[in-house]
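A.B. asks: Pasting a structure here, questions to come.
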2 protein chains.
Amino acid sequence: MTFDHARAGLRERKRFATARAIEMAALNLVAAKGLDKVTVDEISRIADISPRTFFNYFASKESALVGETPEPPTADAVAAYVNASSGSVFDGLGALLAAAVEGRSNDTELMLKRRSLLKDYPQLFAMRMAAMREFEDRVREIVALRLAADDPALAADSGLLLSRSRLITNVAFAAMKHAWVCWADNEGGTSLGDRLKDSFDELGRILRPVPVV
Amino acid sequence: MTFDHARAGLRERKRFATARAIEMAALNLVAAKGLDKVTVDEISRIADISPRTFFNYFASKESALVGETPEPPTADAVAAYVNASSGSVFDGLGALLAAAVEGRSNDTELMLKRRSLLKDYPQLFAMRMAAMREFEDRVREIVALRLAADDPALAADSGLLLSRSRLITNVAFAAMKHAWVCWADNEGGTSLGDRLKDSFDELGRILRPVPVV
DNA sequence: GTGCAACATTGCAGAGAATGCAAGAATATC
DNA sequence: GATATTCTTGCATTCTCTGCAATGTTGCAC
């Protein structure tokens with residue numbers, strides 16, 4: 001969700017500014033001193049709030065660093081994917097994830113700082129992935145809808161449908177993880193959305209090797 | 001590593017017993033009262049050690065719950081996989097992971113308690129997966145060896161080799177995660193190793209759909 | 001089996017994380 | 001402007017985790 005600075009009231013704007021100040025302070029401090037040399041007290045001092053207020057915004061030091069979770073896809077995007085009659089289950093799934101990941105926060109400065117931080121601290125990256133559990137489960141439901149639409153026999157077997165939708169979602173998130181690492185690796189370059197497309201393409205090439213003609 | 005009770009010295013046996021007592025106490029308490037109602041103090045009391053000793057064994061309350069990380073595959077298993085001339089890169093990878101996962105701890109009681117706990121607390125399951133980073137990286141190296149052996153052109157392009165080995169490893173771990181969830185879901189039944197084989201088979205079927213004859 | 005080295009356990013002190021509560025300040029609403 | 005809502009803050013408290021130094025156990029050489 002892009003934050004609408006113009007339309008929001010003072011309270012909302014202040015809240016947004018405070019959250020951003022905390023994230024900035026946290027990211028800068030950790031970049032400068034290392035993750036475990038930074039305390040909530042110090043972050044709060046730089047962000048100019050009380051340590052108690054920090055915990056009104058973030059549940060932990062780490063969650064101030066890893067950023068928000070992606071938004072669930074819009075109903076339109078879901079319908080388009082579920083009813084797509086052409087291509088494999090994976091085609092279109094990349095785009096669906098890309099939209100969700102790019103949707104939030106076009107705050108480039110935070111994004112870049114966060115990218116280099118998650119690169120330096122794989123534990124934080126793992127936390128970020130773990131925080132996506134809800135989102136992942138929503139994606140799994142969508143995949144299940146698509147599978148059921150494609151194959152009535154599968155729709156009838158709820159156990160198999162669950163198992164298969166889980167596996168496909170896991171694989172999709174594996175590709176997403178891959179895309180993220182590649183994106184963080186080549187520091188300048190392409191957008192995360194484009195990188196996601198590349199990873200899904202590469203995945204397709206691995207799984208369906210060029211048929212021998 | 002199966003612990004060799006007979007051959008080990010007294011010190012080693014005591015250490016093993018203490019670790020097991022801590023794990024047991026932790027698992028039982030959390031099963032009874034819930035994760036955040038249990039403190040290290042309480043675990044230590046039940047395990048009959050001092051709280052300070054707890055932290056000589058485990059870095060955190062959680063790591064006493066999630067169990068050890070898998071052992072890296074043996075050199076023999078690696079060589080067999082890397083030099084296998086038939087099948088796709090994924091064939092054999094399932095077996096490699098199965099061997100690593102089953103290798104450790106045939107302590108059934110702990111294993112079952114842990115299984116139901118990780119099922120109840122997805123955060124713990126996520127921690128367990130995250131803790132496998134080192135193991136995952138070792139697997140990635142092995143996959144890269146195999147890719148290089150299969151395709152000299154790929155061997156020459158280290159960037160592409162890295163990217164592809166990462167993607168394949170991510171997908172393999174996605175299948176492993178899937179296998180684990182299925183295994184935990186059907187409580188009795190098959191071994192984790194068998195379930196892993198099933199997940200890799202299902203993965204193969206999804207990726208290479210039955211050719212229309 | 002005595003003595004010494006290596007390792008384990010423990011208590012204590014202390015930093016830091018995180019939460020509940022209640023008072024007071026800022027913002028919203030009418 | 002009065003009142004309700006929401007935010008911020010300080011304070012007390014519980015819990016996690018670490019370093020250190022003292023003490024206890026085990027392993028090993030002789």
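Please note that chains go A, B, ... in the order of the structure tokens, that every chain numbers its residues from 1, and that ligands are numbered from 1 in the order shown.
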Can you pull out every residue within 9 Å of DA28 of chain C, counting only C-alpha atoms (C1' of nucleotides), but drop anything in the same chain fewer than 4 positions away, and send it as a list in words?
C.D. replies: Arg11 of chain A; DA4, DT5 and DT6 of chain D
A.B. asks: Generate the output file for the selected residues, N, CA and C atoms (P, O5', C5', C4', C3', O3' and C1' of nucleotides), as a short mmCIF file (atom, residue, chain, number, x, y, z; two decimals), in the first residue's frame.
C.D. replies:
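What follows is the written file selection_9.cif:
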```cif
data_model
loop_
_atom_site.label_atom_id
_atom_site.label_comp_id
_atom_site.auth_asym_id
_atom_site.auth_seq_id
_atom_site.Cartn_x
_atom_site.Cartn_y
_atom_site.Cartn_z
N ARG A 11 -2.62 12.87 12.66
CA ARG A 11 -2.28 11.71 13.50
C ARG A 11 -1.65 10.59 12.67
P DA D 4 -17.01 12.36 26.88
"O5'" DA D 4 -16.40 11.51 25.68
"C5'" DA D 4 -17.02 11.58 24.39
"C4'" DA D 4 -16.08 10.98 23.36
"C3'" DA D 4 -15.42 9.66 23.78
"O3'" DA D 4 -15.44 8.79 22.67
"C1'" DA D 4 -13.75 11.24 23.26
P DT D 5 -14.94 7.27 22.83
"O5'" DT D 5 -13.58 7.28 22.00
"C5'" DT D 5 -13.54 7.94 20.74
"C4'" DT D 5 -12.10 8.05 20.26
"C3'" DT D 5 -11.25 6.79 20.50
"O3'" DT D 5 -10.76 6.37 19.24
"C1'" DT D 5 -10.10 8.76 21.20
P DT D 6 -9.95 4.97 19.10
"O5'" DT D 6 -8.45 5.49 19.01
"C5'" DT D 6 -8.17 6.64 18.20
"C4'" DT D 6 -6.78 7.16 18.55
"C3'" DT D 6 -5.72 6.06 18.75
"O3'" DT D 6 -4.61 6.44 17.98
"C1'" DT D 6 -5.65 7.60 20.50
#
```
A.B. asks: Name the residues in contact with DT2 of chain C at a cut-off of 12 Å, using only C-alpha atoms (C1' of nucleotides), excluding same-chain residues fewer than 4 positions from it; report them as a PyMOL selection string.
C.D. replies: chain D and resi 28-30
A.B. asks: Could the residues in this selection be saved with C-alpha atoms (C1' of nucleotides) as a PDB file, in the first residue's frame?
C.D. replies:
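Listing of again-v3.pdb after writing:
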```
ATOM      1  C1'  DC D  28      44.729 -39.722  31.655  1.00  0.00           C
ATOM      2  C1'  DA D  29      49.622 -40.556  32.598  1.00  0.00           C
ATOM      3  C1'  DC D  30      52.513 -42.322  35.670  1.00  0.00           C
TER       4       DC D  30
END
```
A.B. asks: I need the residue nearest chain B from this list: D:DC7, D:DA12, D:DA22, D:DC17. Use only C-alpha atoms (C1' of nucleotides) for the distance.
C.D. replies: D:DC17
A.B. asks: With only C-alpha atoms (C1' of nucleotides) as the counted atoms, please give the residues lying no more than 12 Å from segment 19-21 of chain C, apart from itself and same-chain residues fewer than 5 positions off, as a PyMOL selection string.
C.D. replies: (chain A and resi 52+55-56+59-60) or (chain D and resi 9-15)
A.B. asks: Give as a ChimeraX atom specification every residue of chain B that touches chain A within 12 Å, counting only C-alpha atoms.
C.D. replies: /B:88-90,121-134,147,159-160,162-183,185-186,195-196,198-211
A.B. asks: Write out as a list in words the residues lying within 10 Å of segment 14-17 of chain C, counting only C-alpha atoms (C1' of nucleotides) and excluding same-chain residues fewer than 3 positions away.
C.D. replies: Thr39, Val40, Asp41, Ser60 and Lys61 of chain A; DC15, DT16, DC17, DT18 and DG19 of chain D
A.B. asks: Would you work out the distance separating atom CA of Tyr81 of chain B from atom CA of Leu192 of chain B, expressed in Å to one decimal?
C.D. replies: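 Straight-line distance from atom CA of Tyr81 of chain B to atom CA of Leu192 of chain B works out to 20.3 Å.
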A.B. asks: Please report, as JSON, numbers by chain, each residue of segment 27-169 of chain A to which DSSP assigns helix (DSSP H, G or I) when run on this structure's backbone.
C.D. replies: {"A": [27, 28, 29, 30, 31, 32, 33, 35, 36, 37, 40, 41, 42, 43, 44, 45, 46, 47, 51, 52, 53, 54, 55, 56, 57, 63, 64, 65, 66, 75, 76, 77, 78, 79, 80, 81, 82, 83, 93, 94, 95, 96, 97, 98, 99, 100, 101, 102, 103, 108, 109, 110, 111, 112, 113, 114, 115, 116, 117, 118, 119, 120, 122, 123, 124, 125, 126, 127, 128, 129, 130, 131, 133, 134, 135, 136, 137, 138, 139, 140, 141, 142, 143, 144, 145, 146, 147, 148, 149, 150, 152, 153, 154, 155, 156, 158, 159, 160, 161, 162, 163, 164, 165, 166, 167, 168, 169]}
A.B. asks: Residues as selected, C-alpha atoms, written as an mmCIF file, in the first residue's frame, can you do that?
C.D. replies:
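To be explicit, this is the file written out as again.cif:
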```
data_model
loop_
_atom_site.group_PDB
_atom_site.id
_atom_site.type_symbol
_atom_site.label_atom_id
_atom_site.label_comp_id
_atom_site.auth_asym_id
_atom_site.auth_seq_id
_atom_site.Cartn_x
_atom_site.Cartn_y
_atom_site.Cartn_z
ATOM 1 C CA LEU A 27 18.802 0.275 9.755
ATOM 2 C CA ASN A 28 21.514 2.930 9.984
ATOM 3 C CA LEU A 29 22.685 1.870 13.406
ATOM 4 C CA VAL A 30 22.873 -1.785 12.487
ATOM 5 C CA ALA A 31 24.674 -0.968 9.251
ATOM 6 C CA ALA A 32 27.182 1.070 11.250
ATOM 7 C CA LYS A 33 27.724 -1.069 14.343
ATOM 8 C CA LEU A 35 23.200 -6.196 14.681
ATOM 9 C CA ASP A 36 24.043 -7.212 18.227
ATOM 10 C CA LYS A 37 25.814 -3.976 19.157
ATOM 11 C CA VAL A 40 16.365 -0.672 21.422
ATOM 12 C CA ASP A 41 17.379 2.139 23.757
ATOM 13 C CA GLU A 42 19.834 3.472 21.246
ATOM 14 C CA ILE A 43 17.437 3.166 18.328
ATOM 15 C CA SER A 44 14.866 5.037 20.378
ATOM 16 C CA ARG A 45 17.310 7.795 21.234
ATOM 17 C CA ILE A 46 18.160 8.358 17.572
ATOM 18 C CA ALA A 47 14.532 8.141 16.499
ATOM 19 C CA PRO A 51 11.978 3.006 24.372
ATOM 20 C CA ARG A 52 8.443 2.197 25.417
ATOM 21 C CA THR A 53 7.098 3.791 22.272
ATOM 22 C CA PHE A 54 9.378 1.632 20.174
ATOM 23 C CA PHE A 55 7.403 -1.381 21.291
ATOM 24 C CA ASN A 56 4.143 0.338 20.429
ATOM 25 C CA TYR A 57 5.349 0.253 16.840
ATOM 26 C CA SER A 63 10.787 -6.558 13.111
ATOM 27 C CA ALA A 64 11.801 -2.924 12.834
ATOM 28 C CA LEU A 65 14.508 -4.110 10.454
ATOM 29 C CA VAL A 66 12.821 -6.617 8.177
ATOM 30 C CA ALA A 75 -9.419 -10.032 -6.144
ATOM 31 C CA ASP A 76 -8.976 -9.115 -9.814
ATOM 32 C CA ALA A 77 -5.466 -10.509 -9.987
ATOM 33 C CA VAL A 78 -6.646 -13.674 -8.288
ATOM 34 C CA ALA A 79 -9.536 -14.137 -10.693
ATOM 35 C CA ALA A 80 -7.282 -13.570 -13.692
ATOM 36 C CA TYR A 81 -4.833 -16.178 -12.456
ATOM 37 C CA VAL A 82 -7.409 -18.768 -11.435
ATOM 38 C CA ASN A 83 -9.286 -18.575 -14.710
ATOM 39 C CA LEU A 93 2.126 -17.184 -10.396
ATOM 40 C CA GLY A 94 5.346 -15.231 -10.714
ATOM 41 C CA ALA A 95 3.435 -12.158 -11.789
ATOM 42 C CA LEU A 96 1.013 -12.592 -8.916
ATOM 43 C CA LEU A 97 3.861 -12.669 -6.407
ATOM 44 C CA ALA A 98 5.652 -9.795 -8.089
ATOM 45 C CA ALA A 99 2.582 -7.598 -7.792
ATOM 46 C CA ALA A 100 2.251 -8.434 -4.106
ATOM 47 C CA VAL A 101 5.907 -7.818 -3.339
ATOM 48 C CA GLU A 102 6.167 -4.556 -5.231
ATOM 49 C CA GLY A 103 2.810 -3.284 -4.053
ATOM 50 C CA THR A 108 13.433 3.508 -2.143
ATOM 51 C CA GLU A 109 15.805 4.648 0.553
ATOM 52 C CA LEU A 110 14.439 2.219 3.135
ATOM 53 C CA MET A 111 14.244 -0.531 0.551
ATOM 54 C CA LEU A 112 17.886 -0.265 -0.433
ATOM 55 C CA LYS A 113 19.147 -0.086 3.133
ATOM 56 C CA ARG A 114 17.011 -3.076 3.982
ATOM 57 C CA ARG A 115 18.264 -4.994 0.992
ATOM 58 C CA SER A 116 21.895 -4.692 1.961
ATOM 59 C CA LEU A 117 21.063 -5.490 5.561
ATOM 60 C CA LEU A 118 19.141 -8.661 4.754
ATOM 61 C CA LYS A 119 22.056 -9.632 2.574
ATOM 62 C CA ASP A 120 24.502 -9.184 5.442
ATOM 63 C CA PRO A 122 20.774 -14.122 6.577
ATOM 64 C CA GLN A 123 19.019 -14.662 9.899
ATOM 65 C CA LEU A 124 17.002 -11.517 9.211
ATOM 66 C CA PHE A 125 16.231 -12.700 5.722
ATOM 67 C CA ALA A 126 15.013 -15.983 7.183
ATOM 68 C CA MET A 127 12.846 -14.054 9.621
ATOM 69 C CA ARG A 128 11.357 -12.114 6.776
ATOM 70 C CA MET A 129 10.512 -15.298 4.904
ATOM 71 C CA ALA A 130 9.053 -16.808 8.047
ATOM 72 C CA ALA A 131 6.910 -13.718 8.578
ATOM 73 C CA ARG A 133 3.455 -17.474 6.517
ATOM 74 C CA GLU A 134 0.053 -15.869 6.314
ATOM 75 C CA PHE A 135 0.715 -14.529 2.878
ATOM 76 C CA GLU A 136 2.009 -17.910 1.818
ATOM 77 C CA ASP A 137 -1.119 -19.589 3.012
ATOM 78 C CA ARG A 138 -3.262 -17.141 1.081
ATOM 79 C CA VAL A 139 -1.238 -17.928 -2.040
ATOM 80 C CA ARG A 140 -1.737 -21.619 -1.409
ATOM 81 C CA GLU A 141 -5.493 -21.141 -1.381
ATOM 82 C CA ILE A 142 -5.285 -19.341 -4.697
ATOM 83 C CA VAL A 143 -3.175 -22.106 -6.188
ATOM 84 C CA ALA A 144 -5.721 -24.636 -4.971
ATOM 85 C CA LEU A 145 -8.488 -22.680 -6.709
ATOM 86 C CA ARG A 146 -6.527 -22.734 -9.945
ATOM 87 C CA LEU A 147 -5.772 -26.442 -9.670
ATOM 88 C CA ALA A 148 -9.417 -27.199 -9.025
ATOM 89 C CA ALA A 149 -10.455 -25.097 -12.016
ATOM 90 C CA ASP A 150 -7.971 -26.887 -14.251
ATOM 91 C CA PRO A 152 -12.129 -31.585 -11.885
ATOM 92 C CA ALA A 153 -10.678 -34.900 -10.786
ATOM 93 C CA LEU A 154 -8.215 -33.084 -8.538
ATOM 94 C CA ALA A 155 -10.971 -30.830 -7.234
ATOM 95 C CA ALA A 156 -12.783 -33.912 -5.990
ATOM 96 C CA SER A 158 -9.350 -32.652 -1.248
ATOM 97 C CA GLY A 159 -6.358 -34.404 0.269
ATOM 98 C CA LEU A 160 -4.458 -34.509 -2.973
ATOM 99 C CA LEU A 161 -5.521 -30.958 -3.768
ATOM 100 C CA LEU A 162 -4.109 -29.762 -0.462
ATOM 101 C CA SER A 163 -0.873 -31.663 -0.880
ATOM 102 C CA ARG A 164 -0.352 -30.493 -4.429
ATOM 103 C CA SER A 165 -1.205 -26.875 -3.748
ATOM 104 C CA ARG A 166 1.246 -26.912 -0.858
ATOM 105 C CA LEU A 167 4.011 -28.343 -2.981
ATOM 106 C CA ILE A 168 3.458 -25.879 -5.797
ATOM 107 C CA THR A 169 3.349 -22.968 -3.382
#
```
A.B. asks: Using only C-alpha atoms (C1' of nucleotides), which of B:Ser50, B:Leu10, B:Thr69, B:Thr74 sits nearest chain C?
C.D. replies: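 Looking only at the distances to chain C, the closest residue turns out to be B:Ser50.
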A.B. asks: In Å, how far is it from atom CA of Ile22 of chain A to atom CA of Pro72 of chain A?
C.D. replies: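 Rounded to one decimal, the two atoms are 25.1 Å apart.
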A.B. asks: Mind giving me the straight-line distance from atom CA of Phe16 of chain A to atom CA of Gly34 of chain A in Å, one decimal?
C.D. replies: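 About the pair atom CA of Phe16 of chain A and atom CA of Gly34 of chain A: they are 25.7 Å apart.
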A.B. asks: Residues of chain C within 9 Å of chain B, counting only C-alpha atoms (C1' of nucleotides) - could you list those as number ranges by chain?
C.D. replies: C: 7-11
